[in-house]
file model-v9.cif (mmCIF, C-alpha atoms and all ligand atoms)
data_run
loop_
_atom_site.label_atom_id
_atom_site.label_comp_id
_atom_site.auth_asym_id
_atom_site.auth_seq_id
_atom_site.Cartn_x
_atom_site.Cartn_y
_atom_site.Cartn_z
CA MET A 1 -9.34 -52.78 27.63
CA LYS A 2 -7.06 -53.46 30.60
CA PHE A 3 -5.98 -57.03 31.30
CA LYS A 4 -5.47 -58.41 34.79
CA ALA A 5 -3.59 -61.46 36.04
CA PRO A 6 -6.07 -64.39 36.24
CA ARG A 7 -7.84 -64.90 39.59
CA GLY A 8 -5.61 -66.72 42.08
CA THR A 9 -2.39 -65.73 40.29
CA TYR A 10 -0.01 -62.80 40.78
CA ASP A 11 3.16 -61.25 39.38
CA VAL A 12 6.46 -61.42 41.22
CA LEU A 13 7.62 -57.84 40.70
CA PRO A 14 11.30 -56.80 40.62
CA GLU A 15 11.12 -55.51 44.21
CA ASP A 16 9.77 -58.92 45.35
CA SER A 17 12.17 -61.13 43.42
CA PRO A 18 15.16 -60.90 45.86
CA VAL A 19 13.20 -62.88 48.45
CA TRP A 20 12.36 -65.57 45.86
CA GLN A 21 16.00 -65.73 44.80
CA TYR A 22 17.09 -65.92 48.44
CA ILE A 23 14.78 -68.88 49.15
CA GLU A 24 15.67 -70.72 45.95
CA LYS A 25 19.41 -70.18 46.42
CA THR A 26 19.32 -71.29 50.07
CA ALA A 27 17.28 -74.37 49.08
CA ARG A 28 19.71 -75.33 46.29
CA GLU A 29 22.70 -74.93 48.61
CA THR A 30 21.04 -77.01 51.36
CA PHE A 31 19.99 -79.76 48.93
CA ALA A 32 23.55 -79.98 47.57
CA LEU A 33 24.85 -80.56 51.13
CA TYR A 34 22.60 -83.63 51.35
CA ASN A 35 23.49 -84.81 47.80
CA TYR A 36 20.11 -84.13 46.16
CA ARG A 37 20.22 -83.33 42.43
CA GLU A 38 17.76 -81.21 40.47
CA ILE A 39 15.10 -82.63 38.17
CA ARG A 40 12.84 -80.53 35.92
CA THR A 41 9.70 -82.05 34.46
CA PRO A 42 7.02 -80.64 32.11
CA ILE A 43 4.36 -78.27 33.44
CA PHE A 44 1.65 -80.61 32.10
CA GLU A 45 1.28 -84.39 32.16
CA SER A 46 -1.37 -86.90 31.20
CA THR A 47 -4.47 -86.49 33.39
CA GLU A 48 -4.40 -90.22 34.16
CA LEU A 49 -1.00 -89.88 35.92
CA PHE A 50 -2.52 -87.60 38.57
CA ALA A 51 -5.79 -89.52 38.91
CA ARG A 52 -3.86 -92.78 39.46
CA SER A 53 -1.37 -91.36 41.96
CA ILE A 54 -3.09 -88.60 43.98
CA GLY A 55 -6.32 -90.63 44.12
CA SER A 56 -9.49 -90.37 42.04
CA THR A 57 -11.65 -89.37 45.04
CA THR A 58 -9.38 -86.63 46.45
CA ASP A 59 -10.36 -82.95 46.28
CA ILE A 60 -7.36 -82.28 44.07
CA VAL A 61 -8.44 -84.76 41.39
CA THR A 62 -12.22 -84.27 41.60
CA LYS A 63 -12.34 -80.47 41.88
CA GLU A 64 -9.02 -78.74 41.52
CA MET A 65 -7.25 -79.86 38.37
CA TYR A 66 -6.71 -77.66 35.32
CA THR A 67 -7.52 -80.28 32.71
CA PHE A 68 -7.83 -79.74 28.96
CA LEU A 69 -7.88 -81.68 25.73
CA ASP A 70 -5.09 -80.97 23.25
CA LYS A 71 -5.69 -80.77 19.51
CA LYS A 72 -5.45 -84.55 19.18
CA GLY A 73 -8.01 -85.06 21.97
CA ARG A 74 -5.51 -86.20 24.65
CA SER A 75 -6.49 -85.28 28.18
CA LEU A 76 -3.69 -83.27 29.81
CA THR A 77 -3.48 -81.57 33.21
CA LEU A 78 -1.36 -78.70 34.53
CA ARG A 79 0.58 -80.35 37.35
CA PRO A 80 -1.14 -79.85 40.73
CA GLU A 81 1.93 -81.34 42.45
CA GLU A 82 5.30 -82.77 41.48
CA THR A 83 5.69 -86.17 43.19
CA ALA A 84 3.81 -88.10 40.49
CA PRO A 85 5.65 -86.38 37.59
CA VAL A 86 8.99 -87.13 39.29
CA VAL A 87 8.07 -90.81 39.64
CA ARG A 88 6.96 -90.86 36.00
CA ALA A 89 10.24 -89.25 34.88
CA CYS A 90 12.30 -91.66 37.03
CA LEU A 91 10.57 -94.69 35.53
CA GLU A 92 10.81 -93.36 31.98
CA ASN A 93 14.53 -92.62 32.35
CA ASN A 94 15.53 -95.56 34.57
CA LEU A 95 16.72 -93.34 37.42
CA ILE A 96 15.56 -95.54 40.30
CA SER A 97 15.92 -99.14 41.46
CA PRO A 98 15.39 -100.98 44.77
CA ASP A 99 19.16 -101.37 45.32
CA LYS A 100 20.28 -97.73 45.27
CA VAL A 101 19.14 -94.47 46.77
CA THR A 102 18.26 -91.72 44.27
CA LYS A 103 17.81 -88.22 45.69
CA LEU A 104 16.12 -85.52 43.64
CA TYR A 105 14.80 -82.01 44.13
CA TYR A 106 12.63 -79.60 42.14
CA ILE A 107 11.54 -75.99 42.18
CA GLY A 108 8.60 -74.74 40.14
CA PRO A 109 4.97 -73.72 39.68
CA MET A 110 1.97 -75.95 40.47
CA PHE A 111 -1.70 -75.36 39.60
CA ARG A 112 -4.84 -76.06 41.61
CA TYR A 113 -8.28 -74.63 40.97
CA GLU A 114 -8.97 -73.72 44.61
CA ARG A 115 -10.89 -70.80 46.09
CA PRO A 116 -8.20 -68.13 46.44
CA GLN A 117 -7.56 -66.74 49.92
CA ALA A 118 -4.54 -65.67 52.00
CA GLY A 119 -1.80 -68.27 51.36
CA ARG A 120 -3.88 -70.11 48.75
CA PHE A 121 -3.39 -69.51 45.04
CA ARG A 122 -4.32 -71.17 41.77
CA GLN A 123 -0.74 -70.95 40.56
CA PHE A 124 1.73 -71.38 43.41
CA SER A 125 5.32 -72.46 43.70
CA GLN A 126 6.73 -75.54 45.42
CA ILE A 127 10.25 -76.55 46.39
CA GLY A 128 10.42 -80.27 47.09
CA VAL A 129 12.60 -83.35 47.41
CA GLU A 130 11.97 -87.01 46.68
CA ALA A 131 14.29 -89.83 47.86
CA PHE A 132 13.86 -93.31 46.34
CA GLY A 133 15.26 -96.76 47.08
CA SER A 134 15.26 -97.31 50.84
CA ALA A 135 12.58 -97.98 53.45
CA ASP A 136 15.04 -97.20 56.26
CA PRO A 137 13.48 -94.71 58.73
CA ALA A 138 16.88 -92.98 58.66
CA LEU A 139 15.89 -91.73 55.19
CA ASP A 140 12.57 -90.37 56.50
CA VAL A 141 14.52 -88.58 59.17
CA GLU A 142 17.02 -87.22 56.66
CA VAL A 143 14.20 -85.78 54.57
CA MET A 144 12.54 -84.21 57.62
CA THR A 145 15.85 -82.91 58.96
CA LEU A 146 16.57 -81.38 55.59
CA ALA A 147 13.25 -79.48 55.69
CA VAL A 148 13.88 -78.25 59.23
CA ARG A 149 17.49 -77.20 58.49
CA LEU A 150 16.33 -75.33 55.40
CA PHE A 151 13.75 -73.41 57.45
CA GLU A 152 16.38 -72.65 60.11
CA LYS A 153 18.83 -71.38 57.47
CA LEU A 154 16.13 -69.18 55.95
CA GLY A 155 15.46 -67.73 59.41
CA LEU A 156 11.81 -68.85 59.66
CA LYS A 157 10.50 -68.71 63.23
CA GLY A 158 7.52 -70.17 65.09
CA LEU A 159 7.26 -73.41 63.12
CA GLU A 160 5.99 -76.73 64.46
CA VAL A 161 6.59 -80.18 62.95
CA ASN A 162 3.53 -82.46 63.12
CA VAL A 163 3.95 -86.19 62.46
CA ASN A 164 1.61 -89.11 62.06
CA SER A 165 1.50 -92.54 60.46
CA VAL A 166 -1.35 -93.19 58.04
CA GLY A 167 -0.67 -96.93 57.81
CA CYS A 168 0.20 -99.13 54.85
CA SER A 169 -1.73 -101.47 52.56
CA LYS A 170 -1.53 -104.13 55.31
CA CYS A 171 -2.97 -102.14 58.23
CA ARG A 172 -4.93 -99.30 56.66
CA PRO A 173 -7.97 -101.34 55.51
CA ALA A 174 -8.77 -102.42 59.11
CA PHE A 175 -8.37 -98.84 60.30
CA LEU A 176 -10.63 -97.48 57.53
CA GLU A 177 -13.28 -100.05 58.42
CA GLU A 178 -13.16 -98.94 62.05
CA LEU A 179 -13.30 -95.29 60.96
CA LYS A 180 -16.34 -95.94 58.76
CA LYS A 181 -18.07 -97.81 61.59
CA TYR A 182 -17.48 -94.89 63.97
CA PHE A 183 -18.63 -92.15 61.58
CA ARG A 184 -21.56 -94.14 60.20
CA SER A 185 -23.21 -94.00 63.61
CA GLU A 186 -22.75 -90.18 63.63
CA ILE A 187 -23.66 -89.41 60.02
CA GLY A 188 -26.75 -87.36 60.95
CA ARG A 189 -24.56 -84.84 62.81
CA MET A 190 -21.93 -84.47 60.09
CA CYS A 191 -21.68 -82.05 57.14
CA GLY A 192 -22.91 -83.13 53.69
CA GLU A 193 -19.36 -83.32 52.28
CA CYS A 194 -18.31 -85.76 55.00
CA GLY A 195 -21.38 -87.87 54.27
CA LYS A 196 -19.92 -88.42 50.79
CA ARG A 197 -16.37 -88.85 52.10
CA LEU A 198 -17.57 -91.62 54.38
CA GLU A 199 -18.16 -93.86 51.38
CA PHE A 200 -15.37 -92.76 49.04
CA ASN A 201 -12.48 -91.61 51.22
CA PRO A 202 -13.21 -91.78 54.99
CA LEU A 203 -9.65 -90.74 55.92
CA ARG A 204 -10.37 -87.25 54.51
CA ILE A 205 -13.06 -86.73 57.16
CA LEU A 206 -10.27 -86.27 59.71
CA ASP A 207 -9.27 -83.13 57.81
CA CYS A 208 -12.76 -81.53 57.74
CA LYS A 209 -12.84 -77.99 59.13
CA ASN A 210 -16.63 -77.94 59.65
CA GLU A 211 -17.47 -77.18 63.29
CA ALA A 212 -20.11 -79.91 63.54
CA CYS A 213 -17.62 -82.52 62.36
CA GLN A 214 -14.72 -81.24 64.50
CA GLY A 215 -16.13 -82.55 67.80
CA LEU A 216 -16.68 -85.99 66.29
CA ILE A 217 -13.25 -86.05 64.66
CA LEU A 218 -11.55 -85.50 68.03
CA LYS A 219 -12.96 -88.78 69.34
CA ALA A 220 -12.48 -90.81 66.12
CA PRO A 221 -10.13 -93.83 66.03
CA ALA A 222 -6.51 -92.93 65.21
CA PRO A 223 -4.49 -94.66 62.45
CA LEU A 224 -1.52 -95.20 64.80
CA ASP A 225 -3.68 -97.43 67.03
CA PHE A 226 -4.16 -99.78 64.07
CA ALA A 227 -0.58 -99.69 62.76
CA CYS A 228 0.93 -103.08 61.84
CA ALA A 229 4.23 -104.17 63.40
CA ASP A 230 6.26 -102.77 60.45
CA CYS A 231 4.54 -99.38 60.45
CA ARG A 232 4.81 -99.14 64.22
CA ARG A 233 8.51 -100.05 64.25
CA SER A 234 9.37 -97.59 61.43
CA PHE A 235 7.43 -94.84 63.17
CA GLU A 236 9.06 -95.46 66.55
CA ASP A 237 12.55 -95.66 65.00
CA ALA A 238 11.94 -92.43 63.13
CA MET A 239 10.79 -90.70 66.33
CA LYS A 240 13.91 -91.91 68.16
CA PHE A 241 16.20 -90.65 65.37
CA LEU A 242 14.40 -87.32 65.34
CA GLU A 243 14.81 -86.93 69.07
CA ARG A 244 18.53 -87.66 68.78
CA ALA A 245 18.79 -85.09 65.97
CA LYS A 246 17.02 -82.64 68.34
CA ILE A 247 14.18 -82.12 65.85
CA LYS A 248 11.15 -81.28 67.97
CA CYS A 249 7.97 -82.96 66.71
CA ARG A 250 4.39 -83.20 67.84
CA ILE A 251 2.55 -86.44 67.19
CA ASN A 252 -0.71 -85.33 65.65
CA ASP A 253 -2.90 -88.38 65.09
CA ARG A 254 -5.49 -86.23 63.23
CA LEU A 255 -2.98 -85.29 60.53
CA VAL A 256 -4.09 -86.62 57.16
CA ARG A 257 -2.69 -85.43 53.88
CA GLY A 258 -4.76 -84.41 50.87
CA LEU A 259 -3.15 -87.04 48.63
CA ASP A 260 -3.85 -90.78 48.72
CA TYR A 261 -0.39 -92.15 47.91
CA TYR A 262 1.06 -91.94 51.43
CA THR A 263 1.98 -95.08 53.37
CA GLY A 264 3.31 -94.92 56.94
CA LEU A 265 4.98 -91.76 58.19
CA THR A 266 3.52 -88.41 57.15
CA PHE A 267 4.42 -84.94 58.35
CA GLU A 268 3.58 -81.27 57.99
CA VAL A 269 5.42 -78.17 59.11
CA VAL A 270 2.89 -75.59 60.27
CA SER A 271 3.25 -71.97 61.31
CA LYS A 272 1.34 -70.23 64.05
CA LYS A 273 1.90 -67.01 62.12
CA LEU A 274 -0.26 -68.07 59.18
CA GLY A 275 -4.06 -68.12 59.11
CA ALA A 276 -6.25 -71.01 57.98
CA GLN A 277 -3.69 -72.12 55.38
CA ASN A 278 -1.00 -72.76 57.97
CA ALA A 279 0.92 -75.67 56.37
CA VAL A 280 4.23 -74.43 55.00
CA CYS A 281 5.40 -77.89 54.03
CA GLY A 282 4.02 -81.41 53.82
CA GLY A 283 5.29 -84.83 52.94
CA GLY A 284 5.85 -88.41 53.95
CA ARG A 285 6.45 -91.97 52.78
CA TYR A 286 4.85 -93.33 49.65
CA ASN A 287 6.19 -96.86 49.30
CA ASP A 288 3.58 -98.10 46.79
CA LEU A 289 3.49 -95.28 44.29
CA VAL A 290 6.39 -96.43 42.09
CA SER A 291 4.87 -99.90 41.62
CA ASP A 292 1.37 -98.41 41.22
CA LEU A 293 2.74 -96.40 38.30
CA GLY A 294 4.24 -99.47 36.64
CA GLY A 295 7.72 -99.75 38.20
CA LYS A 296 9.31 -102.28 40.56
CA ALA A 297 8.55 -101.92 44.25
CA VAL A 298 10.83 -98.99 45.19
CA PRO A 299 10.11 -97.32 48.55
CA ALA A 300 10.18 -93.52 48.62
CA VAL A 301 9.80 -90.48 50.84
CA GLY A 302 9.67 -86.74 50.17
CA PHE A 303 8.18 -83.35 50.93
CA ALA A 304 7.25 -80.09 49.26
CA LEU A 305 7.11 -76.61 50.73
CA GLY A 306 4.97 -73.76 49.47
CA VAL A 307 7.17 -70.79 48.59
CA GLU A 308 4.40 -68.16 49.01
CA ARG A 309 3.68 -69.38 52.54
CA ALA A 310 7.41 -69.56 53.38
CA ILE A 311 7.67 -65.91 52.27
CA ASP A 312 4.75 -64.94 54.55
CA VAL A 313 6.49 -66.59 57.53
CA LEU A 314 9.79 -64.99 56.54
CA LYS A 315 8.16 -61.56 56.58
CA SER A 316 6.53 -62.15 59.94
CA SER A 317 9.90 -63.40 61.30
CA ASN A 318 11.43 -60.02 60.34
CA VAL A 319 14.17 -61.60 58.23
CA SER A 320 15.91 -59.03 56.07
CA VAL A 321 16.80 -60.50 52.72
CA PRO A 322 20.16 -59.52 51.22
CA GLU A 323 19.60 -57.50 48.06
CA ALA A 324 22.21 -57.19 45.29
CA LYS A 325 23.12 -53.50 44.86
CA LEU A 326 24.18 -51.92 41.61
CA ASP A 327 27.93 -51.15 41.84
CA ALA A 328 28.14 -48.19 39.48
CA PHE A 329 25.93 -45.79 37.56
CA VAL A 330 27.85 -44.10 34.75
CA ILE A 331 26.99 -40.47 33.93
CA THR A 332 28.30 -38.84 30.80
CA ILE A 333 28.38 -35.14 30.06
CA GLY A 334 28.53 -34.14 26.41
CA GLU A 335 28.34 -36.13 23.19
CA GLU A 336 31.98 -37.18 23.15
CA ALA A 337 31.72 -38.73 26.60
CA GLY A 338 28.71 -40.87 25.60
CA GLU A 339 30.79 -43.46 23.80
CA LEU A 340 33.34 -43.53 26.61
CA GLY A 341 30.51 -44.11 29.12
CA VAL A 342 29.41 -47.20 27.22
CA ARG A 343 33.01 -48.45 27.16
CA ILE A 344 33.53 -47.83 30.88
CA SER A 345 30.30 -49.69 31.72
CA GLU A 346 31.41 -52.69 29.65
CA ASP A 347 34.89 -52.67 31.26
CA LEU A 348 33.32 -52.66 34.74
CA ARG A 349 30.98 -55.53 33.84
CA ALA A 350 33.85 -57.54 32.34
CA CYS A 351 35.55 -57.29 35.75
CA GLY A 352 32.46 -58.52 37.60
CA LEU A 353 31.09 -55.13 38.69
CA SER A 354 27.46 -54.37 37.86
CA ALA A 355 27.00 -51.15 35.92
CA ASP A 356 24.21 -49.18 34.34
CA LEU A 357 24.09 -45.85 32.57
CA ASP A 358 21.65 -43.12 31.73
CA PHE A 359 20.34 -43.41 28.21
CA PHE A 360 18.56 -40.07 28.11
CA GLU A 361 20.01 -36.78 26.95
CA LYS A 362 19.40 -34.74 30.10
CA GLY A 363 21.13 -32.18 32.24
CA VAL A 364 23.69 -33.17 34.86
CA LYS A 365 21.22 -32.64 37.70
CA ALA A 366 18.65 -35.00 36.16
CA LYS A 367 21.38 -37.55 35.50
CA MET A 368 22.52 -37.39 39.15
CA LYS A 369 18.92 -37.97 40.19
CA ALA A 370 18.78 -41.04 37.97
CA ALA A 371 21.99 -42.31 39.63
CA ASP A 372 20.39 -41.78 43.03
CA ARG A 373 17.20 -43.62 42.01
CA SER A 374 19.24 -46.57 40.69
CA GLY A 375 20.49 -47.26 44.24
CA ALA A 376 24.06 -47.62 42.92
CA ARG A 377 26.96 -47.53 45.39
CA PHE A 378 28.98 -45.23 43.10
CA ALA A 379 28.37 -42.73 40.34
CA VAL A 380 31.12 -42.62 37.69
CA ILE A 381 31.06 -39.21 36.00
CA VAL A 382 32.85 -38.49 32.73
CA GLY A 383 32.87 -35.22 30.77
CA GLY A 384 35.23 -33.28 28.50
CA GLU A 385 37.77 -32.60 31.27
CA GLU A 386 37.93 -36.25 32.29
CA ILE A 387 38.32 -37.45 28.68
CA LYS A 388 41.39 -35.28 28.33
CA LYS A 389 42.90 -36.61 31.55
CA LYS A 390 41.81 -40.24 30.88
CA SER A 391 40.09 -40.19 34.26
CA ALA A 392 36.61 -40.18 35.85
CA THR A 393 35.03 -38.60 38.90
CA LEU A 394 34.03 -41.33 41.32
CA LYS A 395 31.23 -40.30 43.67
CA ASN A 396 30.37 -42.36 46.73
CA MET A 397 26.58 -42.20 46.75
CA LYS A 398 26.31 -43.02 50.44
CA ASP A 399 28.44 -40.22 51.92
CA GLY A 400 28.56 -37.90 48.89
CA SER A 401 32.40 -37.79 48.83
CA GLN A 402 34.05 -37.72 45.43
CA LYS A 403 37.50 -38.03 43.92
CA GLU A 404 39.20 -38.18 40.58
CA VAL A 405 40.37 -41.64 39.56
CA LYS A 406 42.46 -42.70 36.55
CA LEU A 407 40.32 -44.87 34.21
CA SER A 408 42.95 -47.61 34.48
CA GLU A 409 42.46 -47.59 38.29
CA LEU A 410 38.64 -47.41 38.30
CA VAL A 411 37.88 -51.11 38.77
CA LYS A 412 40.52 -51.45 41.51
CA GLU A 413 39.20 -48.38 43.32
CA ILE A 414 35.55 -49.54 43.29
CA LYS A 415 36.51 -53.06 44.34
CA ARG A 416 38.71 -51.66 47.13
CA LYS A 417 35.70 -49.86 48.58
P1 LIG A 501 0.75 -80.70 49.55
O1 LIG A 501 0.57 -80.74 51.01
O2 LIG A 501 -0.45 -80.81 48.72
O3 LIG A 501 1.78 -81.85 49.22
O4 LIG A 501 1.50 -79.37 49.15
C1 LIG A 501 2.73 -79.02 49.76
C2 LIG A 501 2.74 -77.55 50.13
O5 LIG A 501 2.40 -76.75 48.99
C3 LIG A 501 1.70 -77.17 51.18
O6 LIG A 501 2.17 -77.43 52.49
C4 LIG A 501 1.56 -75.67 50.93
O7 LIG A 501 2.59 -74.95 51.57
C5 LIG A 501 1.74 -75.56 49.42
N1 LIG A 501 0.44 -75.43 48.74
C6 LIG A 501 -0.42 -76.40 48.40
N2 LIG A 501 -1.51 -75.90 47.78
C7 LIG A 501 -1.32 -74.56 47.70
C8 LIG A 501 -2.08 -73.48 47.16
N3 LIG A 501 -3.24 -73.65 46.53
N4 LIG A 501 -1.57 -72.22 47.28
C9 LIG A 501 -0.38 -72.01 47.91
N5 LIG A 501 0.37 -73.00 48.43
C10 LIG A 501 -0.08 -74.26 48.33
C11 LIG A 501 2.21 -82.13 47.95
O8 LIG A 501 2.01 -81.45 46.99
C12 LIG A 501 3.09 -83.39 47.91
N6 LIG A 501 3.50 -83.61 46.50
C13 LIG A 501 4.30 -83.24 48.81
C14 LIG A 501 5.19 -84.45 48.80
C15 LIG A 501 6.36 -84.57 48.16
N7 LIG A 501 4.93 -85.59 49.42
C16 LIG A 501 5.91 -86.45 49.16
N8 LIG A 501 6.79 -85.84 48.38
#

call {"tool": "encode", "arguments": {"input": "model-v9.cif", "output": "structure tokens", "more": "lines below"}}
Ligand code: HAM
result
Amino acid sequence: MKFKAPRGTYDVLPEDSPVWQYIEKTARETFALYNYREIRTPIFESTELFARSIGSTTDIVTKEMYTFLDKKGRSLTLRPEETAPVVRACLENNLISPDKVTKLYYIGPMFRYERPQAGRFRQFSQIGVEAFGSADPALDVEVMTLAVRLFEKLGLKGLEVNVNSVGCSKCRPAFLEELKKYFRSEIGRMCGECGKRLEFNPLRILDCKNEACQGLILKAPAPLDFACADCRRSFEDAMKFLERAKIKCRINDRLVRGLDYYTGLTFEVVSKKLGAQNAVCGGGRYNDLVSDLGGKAVPAVGFALGVERAIDVLKSSNVSVPEAKLDAFVITIGEEAGELGVRISEDLRACGLSADLDFFEKGVKAKMKAADRSGARFAVIVGGEEIKKKSATLKNMKDGSQKEVKLSELVKEIKRK
């Protein structure tokens, strides 16, 4: 019987891993420049944490969670996202308070039971940041700038930043009422799903892709038109800051996020190069989540990007990812040289040069082929003659040139080249 990776999952093979390492390394370096520190939380959490934070009527909570009972009957869920676990960890470990800014980042796998398609997986990877402690729009702008700078550094092209404000606990109820009123009169022309959303989560209707609903959505009331003075001021300040920072944004008053915890500014970075799943990154303010999960009122803002989608954009932007090359492949001829080959490899590694060697007893030709296949910059060849002279033949694999080098000079010679 042959086993396959579960539906909606995949393996990152050795030839694919350089691009993952490139993205993760660039993200870590960028986050450090903005003083964000890494947090790692468990892969699973209590189911209640996600239901309370993401929203019990969202698609994620009602349809997409990998939930199971452990042996003691506790309901646990593989994390579908990382904002709620980070808030939980911050509260449990006293990392946040209303009088200081705490900046955190994470990198890791998330799980959603969605219908797999291009850019949509059941296990996918997110890189995200969360900043706690200040309601200043300057922090929203920092978080958005950070996302844009990271994409620029990675070399991603053709991206567009969409922004909206979804309102806060003060102004959202009036907006939702207005939205319900508008859609109620059109219910006969809408899809069945939206009929249900109208009662439980009318904001989600704005995100419906059904053609029949699309025409109605275009004319629906917009949350920004109902924004309270605070939401309006924060949004306008953020837009001014963004303009000064030369971050181009499009106000998209149809933008709603799939999670209920947002308050005020929300944003998504979308790519024209991706298909239906075109959001590379999404985020926004969530000023009530910390208190909803049992903490003091600590405002917060953050985003997460999907690594698989970032890789798709990277490929379509023709970015070539730097790949670490093997420095040396050591070839030994004869039994006596075998031990020396192992020693040479270890000496090279101790000096910071990567080295590999052929472990099979084969002829010189086959060994040279193995060196070629390894992609090494140099082949280091040792046989009886070389042992006597305490030297090695150093072959440049790119131009084929070779010369004899004293073993004591080997590291210097490879590093020099
Ligand atoms: P989200 O929009 O649900 O937000 O996910 C963020 C990103 O994860 C998406 O833009 C997309 O690139 C990627 N993504 C989501 N689902 C999938 C999937 N099934 N397959 C592949 N990629 C996917 C959040 O998760 C929020 N926690 C973001 C946030 C952080 N808001 C504030 N702080």

call {"tool": "residues_around", "arguments": {"input": "model-v9.cif", "residues": "A:Lys406", "least_positions_apart": "3", "cutoff": "10 Å", "atoms": "all atoms listed in the file", "output": "PyMOL selection string"}}
result
chain A and resi 386+389-394+409-411+413

call {"tool": "residues_near_ligand", "arguments": {"input": "model-v9.cif", "ligand": "ligand LIG 501 (chain A)", "cutoff": "8 Å", "atoms": "only C-alpha atoms and all ligand atoms", "output": "VMD selection string"}}
result
chain A and resid 80 to 84 111 to 114 116 119 to 126 128 to 130 257 to 259 262 268 to 269 277 to 286 301 to 310

call {"tool": "closest_residue", "arguments": {"input": "model-v9.cif", "among": "A:Arg28, A:Ile381, A:Tyr66, A:Ala297", "to": "A:Ile96", "atoms": "all atoms listed in the file"}}
result
A:Ala297

call {"tool": "atom_distance", "arguments": {"input": "model-v9.cif", "atom1": "atom CA of A:Leu289", "atom2": "atom CA of A:Cys208"}}
result
25.2 Å

call {"tool": "closest_residue", "arguments": {"input": "model-v9.cif", "among": "A:Val290, A:Ile414, A:Ala300, A:Leu255", "to": "A:Val87", "atoms": "all atoms listed in the file"}}
result
A:Val290

call {"tool": "closest_residue", "arguments": {"input": "model-v9.cif", "among": "A:Leu49, A:Leu407, A:Ala118, A:Ile39", "to": "A:Asn93", "atoms": "all atoms listed in the file"}}
result
A:Ile39

call {"tool": "residues_near_point", "arguments": {"input": "model-v9.cif", "point": "(18.6, -86.4, 66.0)", "cutoff": "12 Å", "atoms": "only C-alpha atoms", "output": "number ranges by chain"}}
result
A: 138, 140-142, 144-146, 148-149, 237-249

call {"tool": "write_last_selection", "arguments": {"input": "model-v9.cif", "atoms": "C-alpha atoms", "output": "PDB file, in the coordinates of the input"}}
result
ATOM      1  CA  ALA A 138      16.880 -92.980  58.660  1.00  0.00           C
ATOM      2  CA  ASP A 140      12.570 -90.370  56.500  1.00  0.00           C
ATOM      3  CA  VAL A 141      14.520 -88.580  59.170  1.00  0.00           C
ATOM      4  CA  GLU A 142      17.020 -87.220  56.660  1.00  0.00           C
ATOM      5  CA  MET A 144      12.540 -84.210  57.620  1.00  0.00           C
ATOM      6  CA  THR A 145      15.850 -82.910  58.960  1.00  0.00           C
ATOM      7  CA  LEU A 146      16.570 -81.380  55.590  1.00  0.00           C
ATOM      8  CA  VAL A 148      13.880 -78.250  59.230  1.00  0.00           C
ATOM      9  CA  ARG A 149      17.490 -77.200  58.490  1.00  0.00           C
ATOM     10  CA  ASP A 237      12.550 -95.660  65.000  1.00  0.00           C
ATOM     11  CA  ALA A 238      11.940 -92.430  63.130  1.00  0.00           C
ATOM     12  CA  MET A 239      10.790 -90.700  66.330  1.00  0.00           C
ATOM     13  CA  LYS A 240      13.910 -91.910  68.160  1.00  0.00           C
ATOM     14  CA  PHE A 241      16.200 -90.650  65.370  1.00  0.00           C
ATOM     15  CA  LEU A 242      14.400 -87.320  65.340  1.00  0.00           C
ATOM     16  CA  GLU A 243      14.810 -86.930  69.070  1.00  0.00           C
ATOM     17  CA  ARG A 244      18.530 -87.660  68.780  1.00  0.00           C
ATOM     18  CA  ALA A 245      18.790 -85.090  65.970  1.00  0.00           C
ATOM     19  CA  LYS A 246      17.020 -82.640  68.340  1.00  0.00           C
ATOM     20  CA  ILE A 247      14.180 -82.120  65.850  1.00  0.00           C
ATOM     21  CA  LYS A 248      11.150 -81.280  67.970  1.00  0.00           C
ATOM     22  CA  CYS A 249       7.970 -82.960  66.710  1.00  0.00           C
TER      23      CYS A 249
END

call {"tool": "residues_around", "arguments": {"input": "model-v9.cif", "residues": "A:Pro202", "least_positions_apart": "3", "cutoff": "8 Å", "atoms": "all atoms listed in the file", "output": "CSV table (one decimal) with C-alpha atoms, in the coordinates of the input"}}
result
chain,number,residue,atom,x,y,z
A,176,LEU,CA,-10.6,-97.5,57.5
A,179,LEU,CA,-13.3,-95.3,61.0
A,180,LYS,CA,-16.3,-95.9,58.8
A,194,CYS,CA,-18.3,-85.8,55.0
A,197,ARG,CA,-16.4,-88.8,52.1
A,198,LEU,CA,-17.6,-91.6,54.4
A,199,GLU,CA,-18.2,-93.9,51.4
A,205,ILE,CA,-13.1,-86.7,57.2
A,206,LEU,CA,-10.3,-86.3,59.7

call {"tool": "residues_around", "arguments": {"input": "model-v9.cif", "residues": "A:Glu193", "least_positions_apart": "6", "cutoff": "12 Å", "atoms": "all atoms listed in the file", "output": "tab-separated table (two decimals) with C-alpha atoms, in the coordinates of the input"}}
result
chain	number	residue	atom	x	y	z
A	59	ASP	CA	-10.36	-82.95	46.28
A	187	ILE	CA	-23.66	-89.41	60.02
A	199	GLU	CA	-18.16	-93.86	51.38
A	200	PHE	CA	-15.37	-92.76	49.04
A	201	ASN	CA	-12.48	-91.61	51.22
A	202	PRO	CA	-13.21	-91.78	54.99
A	204	ARG	CA	-10.37	-87.25	54.51
A	205	ILE	CA	-13.06	-86.73	57.16
A	207	ASP	CA	-9.27	-83.13	57.81
A	208	CYS	CA	-12.76	-81.53	57.74
A	209	LYS	CA	-12.84	-77.99	59.13
A	210	ASN	CA	-16.63	-77.94	59.65
A	212	ALA	CA	-20.11	-79.91	63.54
A	213	CYS	CA	-17.62	-82.52	62.36
